[in-house]
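Participant: Just one file: query17.txt, with compact mmCIF, C-alpha atoms and all ligand atoms.
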# COMPACT_ATOMS: atom_id res chain seq x y z
CA MET A 7 0.00 0.00 0.00
CA LYS A 8 2.78 2.38 0.98
CA ARG A 9 4.62 1.58 -2.23
CA THR A 10 1.50 2.36 -4.24
CA ILE A 11 1.09 5.75 -2.53
CA LEU A 12 4.79 6.52 -3.00
CA ALA A 13 4.61 5.57 -6.66
CA THR A 14 1.50 7.73 -7.11
CA LEU A 15 3.17 10.70 -5.41
CA THR A 16 6.29 10.26 -7.52
CA ILE A 17 4.28 10.14 -10.75
CA SER A 18 2.18 13.14 -9.65
CA ALA A 19 5.30 15.14 -8.82
CA GLY A 20 6.75 14.22 -12.20
CA ILE A 21 3.62 15.38 -14.02
CA CYS A 22 3.65 18.66 -12.04
CA LEU A 23 7.30 19.23 -12.99
CA ILE A 24 6.61 18.54 -16.67
CA THR A 25 3.57 20.87 -16.56
CA ALA A 26 5.66 23.57 -14.87
CA LEU A 27 8.41 23.24 -17.47
CA GLN A 28 5.87 23.45 -20.29
CA ALA A 29 4.30 26.55 -18.76
CA ALA A 30 7.71 28.21 -18.58
CA GLU A 31 8.37 27.84 -22.29
CA PRO A 32 8.18 31.14 -24.17
CA GLY A 33 4.87 31.69 -25.93
CA LYS A 34 3.14 28.95 -23.99
CA ASP A 35 2.61 30.76 -20.73
CA ALA A 36 -0.67 32.47 -21.54
CA GLU A 37 -3.89 31.49 -23.21
CA PRO A 38 -4.28 33.52 -26.45
CA ALA A 39 -7.21 35.91 -26.31
CA VAL A 40 -10.34 34.87 -28.14
CA VAL A 41 -11.16 37.18 -31.06
CA THR A 42 -14.26 36.98 -33.22
CA PRO A 43 -13.25 37.66 -36.82
CA GLY A 44 -15.36 39.71 -39.19
CA GLN A 45 -17.65 37.96 -41.66
CA THR A 46 -15.06 38.82 -44.30
CA SER A 47 -11.42 39.78 -43.86
CA ASN A 48 -12.40 43.38 -44.66
CA GLN A 49 -14.64 43.63 -41.61
CA PRO A 50 -13.17 44.53 -38.23
CA PRO A 51 -12.54 41.68 -35.80
CA SER A 52 -13.95 42.07 -32.29
CA ASP A 53 -10.74 43.55 -30.84
CA ALA A 54 -10.23 46.22 -33.52
CA ILE A 55 -10.59 49.96 -32.96
CA VAL A 56 -12.90 51.25 -35.67
CA LEU A 57 -11.53 54.61 -36.81
CA PHE A 58 -14.05 55.23 -39.58
CA ASP A 59 -17.18 53.26 -40.43
CA GLY A 60 -18.71 55.75 -42.84
CA SER A 61 -21.02 57.42 -40.34
CA SER A 62 -18.94 60.22 -38.79
CA LEU A 63 -15.53 61.90 -38.61
CA GLU A 64 -15.59 61.98 -34.80
CA ASN A 65 -12.31 60.05 -34.45
CA TRP A 66 -10.45 62.50 -36.69
CA GLU A 67 -9.19 66.06 -36.57
CA SER A 68 -7.38 68.48 -38.84
CA VAL A 69 -3.59 68.41 -38.50
CA LYS A 70 -3.85 72.21 -38.52
CA GLY A 71 -5.94 71.97 -35.37
CA GLY A 72 -9.68 71.85 -34.82
CA PRO A 73 -12.34 69.41 -35.94
CA ALA A 74 -12.19 67.31 -39.09
CA LYS A 75 -12.98 69.27 -42.23
CA TRP A 76 -12.95 66.64 -44.94
CA ASP A 77 -16.22 65.90 -46.73
CA LEU A 78 -18.33 62.94 -45.65
CA VAL A 79 -20.02 61.73 -48.83
CA ASP A 80 -21.76 58.37 -49.37
CA GLY A 81 -19.97 56.81 -46.40
CA ALA A 82 -16.51 57.97 -47.48
CA MET A 83 -14.24 60.62 -46.01
CA THR A 84 -13.04 62.68 -48.93
CA VAL A 85 -10.00 64.91 -49.30
CA ASN A 86 -11.07 68.50 -50.01
CA ARG A 87 -7.92 70.65 -49.87
CA SER A 88 -8.45 71.57 -46.20
CA GLY A 89 -5.20 69.88 -45.18
CA ASP A 90 -3.98 66.57 -43.74
CA HIS A 91 -6.14 64.81 -41.17
CA ARG A 92 -5.12 62.62 -38.22
CA THR A 93 -6.68 60.34 -35.66
CA LYS A 94 -7.28 61.79 -32.22
CA GLN A 95 -5.85 58.58 -30.78
CA THR A 96 -2.16 57.68 -31.09
CA PHE A 97 -0.60 54.28 -31.77
CA GLY A 98 2.64 52.30 -31.68
CA ASP A 99 2.83 48.90 -33.41
CA VAL A 100 -0.39 48.13 -35.30
CA GLN A 101 -2.27 46.11 -37.86
CA LEU A 102 -4.18 48.56 -40.06
CA HIS A 103 -6.97 48.01 -42.58
CA ILE A 104 -7.85 50.96 -44.81
CA GLU A 105 -9.75 51.26 -48.09
CA TRP A 106 -9.24 54.07 -50.60
CA ALA A 107 -10.23 55.16 -54.08
CA THR A 108 -8.64 57.67 -56.40
CA PRO A 109 -10.95 59.87 -58.55
CA SER A 110 -12.70 58.06 -61.39
CA GLU A 111 -12.23 61.17 -63.48
CA VAL A 112 -8.54 61.02 -64.33
CA LYS A 113 -6.69 64.30 -64.13
CA GLY A 114 -2.97 64.97 -64.18
CA ASN A 115 -0.18 62.43 -64.28
CA GLY A 116 2.68 61.10 -62.20
CA GLN A 117 2.52 62.35 -58.62
CA GLY A 118 -0.34 64.72 -59.53
CA ARG A 119 -2.87 61.95 -60.13
CA GLY A 120 -4.89 60.68 -57.15
CA ASN A 121 -2.14 61.40 -54.66
CA SER A 122 -2.69 60.92 -50.94
CA GLY A 123 -0.93 58.87 -48.31
CA VAL A 124 -1.23 56.84 -45.14
CA TYR A 125 1.29 57.96 -42.51
CA LEU A 126 1.92 55.60 -39.59
CA GLN A 127 2.74 57.61 -36.46
CA GLY A 128 2.41 60.65 -38.72
CA ARG A 129 5.94 59.84 -39.93
CA TYR A 130 6.19 56.87 -42.28
CA GLU A 131 4.14 57.09 -45.48
CA ILE A 132 2.68 54.26 -47.50
CA GLN A 133 1.86 56.09 -50.69
CA VAL A 134 -1.64 56.37 -52.08
CA LEU A 135 -1.63 57.18 -55.80
CA ASP A 136 -3.48 56.36 -58.99
CA SER A 137 -0.79 54.02 -60.29
CA TYR A 138 -3.00 52.39 -62.92
CA GLU A 139 -1.10 52.96 -66.17
CA ASN A 140 0.50 56.03 -64.59
CA GLN A 141 4.28 56.15 -64.53
CA THR A 142 6.21 57.82 -61.73
CA TYR A 143 9.40 57.11 -59.79
CA PHE A 144 9.21 53.57 -58.40
CA ASN A 145 9.50 54.42 -54.71
CA GLY A 146 6.75 57.00 -55.13
CA GLN A 147 4.05 54.84 -56.72
CA ALA A 148 1.04 53.35 -54.93
CA GLY A 149 2.09 51.00 -52.16
CA SER A 150 5.60 52.33 -51.91
CA PHE A 151 7.14 53.15 -48.57
CA TYR A 152 7.39 56.63 -49.93
CA GLY A 153 10.88 57.70 -50.93
CA ASN A 154 12.35 54.51 -49.54
CA ASN A 155 11.10 51.29 -51.04
CA ALA A 156 9.07 50.47 -54.16
CA PRO A 157 6.30 47.83 -53.90
CA LEU A 158 7.20 44.30 -55.02
CA VAL A 159 4.49 44.51 -57.69
CA ASN A 160 1.91 47.03 -58.91
CA ALA A 161 -1.44 45.63 -57.73
CA SER A 162 -3.43 48.77 -58.56
CA LYS A 163 -7.06 48.73 -59.59
CA LYS A 164 -8.56 51.20 -62.05
CA PRO A 165 -9.26 54.82 -61.07
CA GLY A 166 -12.44 55.14 -59.01
CA GLU A 167 -12.40 51.52 -57.82
CA TRP A 168 -12.08 50.77 -54.11
CA GLN A 169 -8.69 49.41 -53.11
CA ILE A 170 -7.39 47.94 -49.87
CA TYR A 171 -4.25 48.24 -47.83
CA ASP A 172 -3.63 45.80 -45.00
CA ILE A 173 -0.56 47.03 -43.17
CA VAL A 174 1.52 45.58 -40.36
CA PHE A 175 3.61 48.36 -38.87
CA ILE A 176 6.30 47.79 -36.30
CA ALA A 177 7.60 51.10 -35.01
CA PRO A 178 11.32 51.83 -34.67
CA LYS A 179 12.33 51.65 -30.99
CA PRO A 180 15.09 53.27 -28.97
CA SER A 181 18.01 50.94 -28.18
CA ALA A 182 18.53 49.88 -24.57
CA ASP A 183 21.14 52.59 -24.00
CA GLY A 184 18.97 55.15 -25.76
CA LYS A 185 21.80 56.16 -28.06
CA SER A 186 20.49 54.61 -31.24
CA VAL A 187 17.31 53.40 -32.86
CA LEU A 188 16.35 49.81 -33.60
CA PRO A 189 14.66 49.60 -37.01
CA GLY A 190 10.96 48.90 -37.29
CA SER A 191 9.27 47.34 -40.30
CA PHE A 192 6.44 47.54 -42.82
CA THR A 193 4.57 44.58 -44.24
CA VAL A 194 1.84 45.62 -46.68
CA PHE A 195 -0.81 43.84 -48.74
CA HIS A 196 -2.42 45.80 -51.59
CA ASN A 197 -5.74 44.29 -52.64
CA GLY A 198 -4.62 41.06 -51.00
CA VAL A 199 -1.24 41.00 -52.76
CA LEU A 200 1.98 41.17 -50.71
CA ILE A 201 3.80 44.31 -51.84
CA GLN A 202 6.08 45.15 -48.88
CA ASN A 203 7.67 42.13 -47.22
CA HIS A 204 8.99 43.07 -43.78
CA ILE A 205 10.81 46.15 -45.08
CA PRO A 206 13.01 47.81 -42.47
CA ILE A 207 12.15 51.28 -41.25
CA ALA A 208 15.34 52.89 -40.11
CA GLY A 209 14.85 55.55 -37.49
CA LYS A 210 17.13 57.96 -39.21
CA LYS A 211 16.63 60.94 -41.46
CA THR A 212 16.40 60.11 -45.14
CA THR A 213 16.56 62.31 -48.18
CA ALA A 214 12.89 61.79 -48.97
CA ALA A 215 11.23 61.66 -45.58
CA ALA A 216 12.46 63.81 -42.74
CA TYR A 217 12.31 61.79 -39.55
CA SER A 218 14.75 60.87 -36.86
CA GLY A 219 14.75 59.03 -33.59
CA ALA A 220 11.77 56.94 -32.58
CA ALA A 221 8.29 57.90 -31.45
CA ALA A 222 6.59 55.78 -28.79
CA LYS A 223 3.22 56.59 -30.30
CA GLY A 224 1.80 58.82 -32.99
CA PRO A 225 -1.47 59.42 -34.86
CA LEU A 226 -2.49 57.84 -38.12
CA VAL A 227 -2.34 60.68 -40.65
CA LEU A 228 -4.02 60.81 -44.05
CA GLN A 229 -2.53 63.17 -46.58
CA ASP A 230 -4.28 65.98 -48.41
CA HIS A 231 -2.31 66.29 -51.62
CA GLY A 232 -5.04 68.32 -53.29
CA ASN A 233 -6.69 65.39 -55.10
CA PRO A 234 -10.21 64.26 -54.00
CA VAL A 235 -9.17 60.78 -52.83
CA ARG A 236 -11.78 58.89 -50.77
CA PHE A 237 -11.31 56.64 -47.73
CA ARG A 238 -13.62 54.14 -46.03
CA ASN A 239 -13.68 51.17 -43.62
CA ILE A 240 -10.65 52.08 -41.50
CA TRP A 241 -9.84 49.91 -38.49
CA ILE A 242 -6.73 49.27 -36.47
CA ARG A 243 -5.43 46.71 -33.97
CA PRO A 244 -2.67 47.82 -31.60
CA LEU A 245 -0.12 44.99 -31.36
MG MG B 301 1.37 60.96 -51.00
Take the structure I supplied and represent it as structure tokens, if you would.
Facilitator:
Amino acid sequence: MKRTILATLTISAGICLITALQAAEPGKDAEPAVVTPGQTSNQPPSDAIVLFDGSSLENWESVKGGPAKWDLVDGAMTVNRSGDHRTKQTFGDVQLHIEWATPSEVKGNGQGRGNSGVYLQGRYEIQVLDSYENQTYFNGQAGSFYGNNAPLVNASKKPGEWQIYDIVFIAPKPSADGKSVLPGSFTVFHNGVLIQNHIPIAGKKTTAAAYSGAAAKGPLVLQDHGNPVRFRNIWIRPL
């Protein structure tokens, strides 16, 4: 009887030790949160912050100060030459879903045609441009990390059609000693096509985009480049 109890205790202790060791392994120490996905991948999952659902501009403001001034037409926020707009809330690392459309009436060419932009932390721009049969410099076309890295392919739809960016943004971070910046990264899908594959974002000043250091958080900024580009269905998941 004593032997049976001893054997049981030994086995139990062994199981507890194995369980403890398993729990200590990285990535296995917490139950992942349950998230309800949208009915389609375009719809926000249950843990997303909805920044624009077509009903109001309440989560946005003018970069010049004051309330949002862009036009709200048919469920889209539309650039109207009143200046860049930003979210009231600020973010670090995120997953972002945003839909946009350049004007169906084609005017201008190169950078003058359906130009806007999505700035993470108000600093790092993924270019919005009508790049359907519209030549410009490669790292300035739609889906480029503007001034830094061209997209892998041109997945543009025709002018006026709704297009999608799904962006994973990892912000540059200060190094442990605070003397340098650890690069962040961009991964971007354009209409479901991978166009930026874990591209480094160096926290230094470049010729095309003036930024330095690292920001803990910053707003999402949409650019007013003077062309009536439309946006809809914008949601974000802090990572
Ligand atoms: Mg732009």
Participant: Let me have all residues with an atom within 12 Å of ligand MG 301 (chain B), counting all atoms listed in the file, laid out as an MDAnalysis selection string.
Facilitator: chainID A and resid 90 108 116:125 130:137 145:153 214:215 227:233 235
Participant: Find the residue from A:Phe144, A:Phe175, A:Trp168, A:Tyr138 that sits nearest to Leu245 of chain A; use all atoms listed in the file when measuring.
Facilitator: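 Comparing A:Phe144, A:Phe175, A:Trp168, A:Tyr138 against Leu245 of chain A, the winner is A:Phe175.
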Participant: Under the rule that all atoms listed in the file are counted, which of A:Pro189, A:Thr96, A:Pro51, A:Pro38 is the nearest residue to Trp66 of chain A?
Facilitator: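 Among the listed residues, the smallest separation from Trp66 of chain A belongs to A:Thr96.
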Participant: Counting all atoms listed in the file, figure out which residue out of A:Ala177, A:Val159, A:Ala36, A:Leu63 gets nearest to Gly81 of chain A.
Facilitator: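 Ranking A:Ala177, A:Val159, A:Ala36, A:Leu63 by distance to Gly81 of chain A, first place goes to A:Leu63.
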Participant: Grab the atom CA of Ile170 of chain A to atom CA of Gly198 of chain A distance for me, in Å with one decimal place.
Facilitator: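 Taking atom CA of Ile170 of chain A and atom CA of Gly198 of chain A, their separation equals 7.5 Å.
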Participant: Give me, please, the distance in Å between atom CA of Asn203 of chain A and atom CA of Phe58 of chain A, quoted to one decimal.
Facilitator: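 That distance, rounded to one decimal, is 26.5 Å.
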Participant: What does the structure give for the distance between atom CA of Leu200 of chain A and atom CA of Ile176 of chain A, in Å to one decimal?
Facilitator: 16.4 Å
Participant: Can you fill out segment 132-147 of chain A with N, CA, C and O atoms and hand it back as a tab-separated table (two decimals), in the frame of the given file?
Facilitator:
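Just written: out.tsv:
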chain	number	residue	atom	x	y	z
A	132	ILE	N	2.98	55.19	-46.41
A	132	ILE	CA	2.68	54.26	-47.50
A	132	ILE	C	1.88	55.08	-48.51
A	132	ILE	O	0.82	55.61	-48.19
A	133	GLN	N	2.42	55.18	-49.70
A	133	GLN	CA	1.86	56.09	-50.69
A	133	GLN	C	0.51	55.62	-51.22
A	133	GLN	O	0.30	54.43	-51.48
A	134	VAL	N	-0.39	56.57	-51.36
A	134	VAL	CA	-1.64	56.37	-52.08
A	134	VAL	C	-1.54	57.17	-53.37
A	134	VAL	O	-1.22	58.38	-53.34
A	135	LEU	N	-1.75	56.52	-54.50
A	135	LEU	CA	-1.63	57.18	-55.80
A	135	LEU	C	-2.41	56.38	-56.83
A	135	LEU	O	-2.55	55.16	-56.69
A	136	ASP	N	-2.92	57.07	-57.84
A	136	ASP	CA	-3.48	56.36	-58.99
A	136	ASP	C	-2.31	55.86	-59.81
A	136	ASP	O	-1.74	56.60	-60.62
A	137	SER	N	-1.94	54.61	-59.58
A	137	SER	CA	-0.79	54.02	-60.29
A	137	SER	C	-1.24	53.04	-61.37
A	137	SER	O	-0.49	52.16	-61.78
A	138	TYR	N	-2.50	53.22	-61.81
A	138	TYR	CA	-3.00	52.39	-62.92
A	138	TYR	C	-2.58	53.04	-64.23
A	138	TYR	O	-3.09	54.10	-64.60
A	139	GLU	N	-1.63	52.43	-64.90
A	139	GLU	CA	-1.10	52.96	-66.17
A	139	GLU	C	-0.69	54.42	-65.99
A	139	GLU	O	-1.08	55.30	-66.76
A	140	ASN	N	0.04	54.67	-64.91
A	140	ASN	CA	0.50	56.03	-64.59
A	140	ASN	C	1.93	55.94	-64.05
A	140	ASN	O	2.15	55.55	-62.92
A	141	GLN	N	2.88	56.29	-64.90
A	141	GLN	CA	4.28	56.15	-64.53
A	141	GLN	C	4.71	57.25	-63.56
A	141	GLN	O	4.31	58.40	-63.67
A	142	THR	N	5.53	56.86	-62.61
A	142	THR	CA	6.21	57.82	-61.73
A	142	THR	C	7.45	57.11	-61.21
A	142	THR	O	7.72	55.96	-61.59
A	143	TYR	N	8.23	57.79	-60.36
A	143	TYR	CA	9.40	57.11	-59.79
A	143	TYR	C	8.92	55.94	-58.92
A	143	TYR	O	7.89	56.03	-58.25
A	144	PHE	N	9.69	54.84	-58.96
A	144	PHE	CA	9.21	53.57	-58.40
A	144	PHE	C	8.90	53.67	-56.90
A	144	PHE	O	7.91	53.10	-56.43
A	145	ASN	N	9.76	54.37	-56.16
A	145	ASN	CA	9.50	54.42	-54.71
A	145	ASN	C	8.56	55.58	-54.35
A	145	ASN	O	8.51	56.00	-53.20
A	146	GLY	N	7.78	56.00	-55.38
A	146	GLY	CA	6.75	57.00	-55.13
A	146	GLY	C	5.39	56.54	-55.65
A	146	GLY	O	4.41	57.27	-55.57
A	147	GLN	N	5.33	55.33	-56.18
A	147	GLN	CA	4.05	54.84	-56.72
A	147	GLN	C	3.19	54.26	-55.60
A	147	GLN	O	3.64	54.16	-54.45
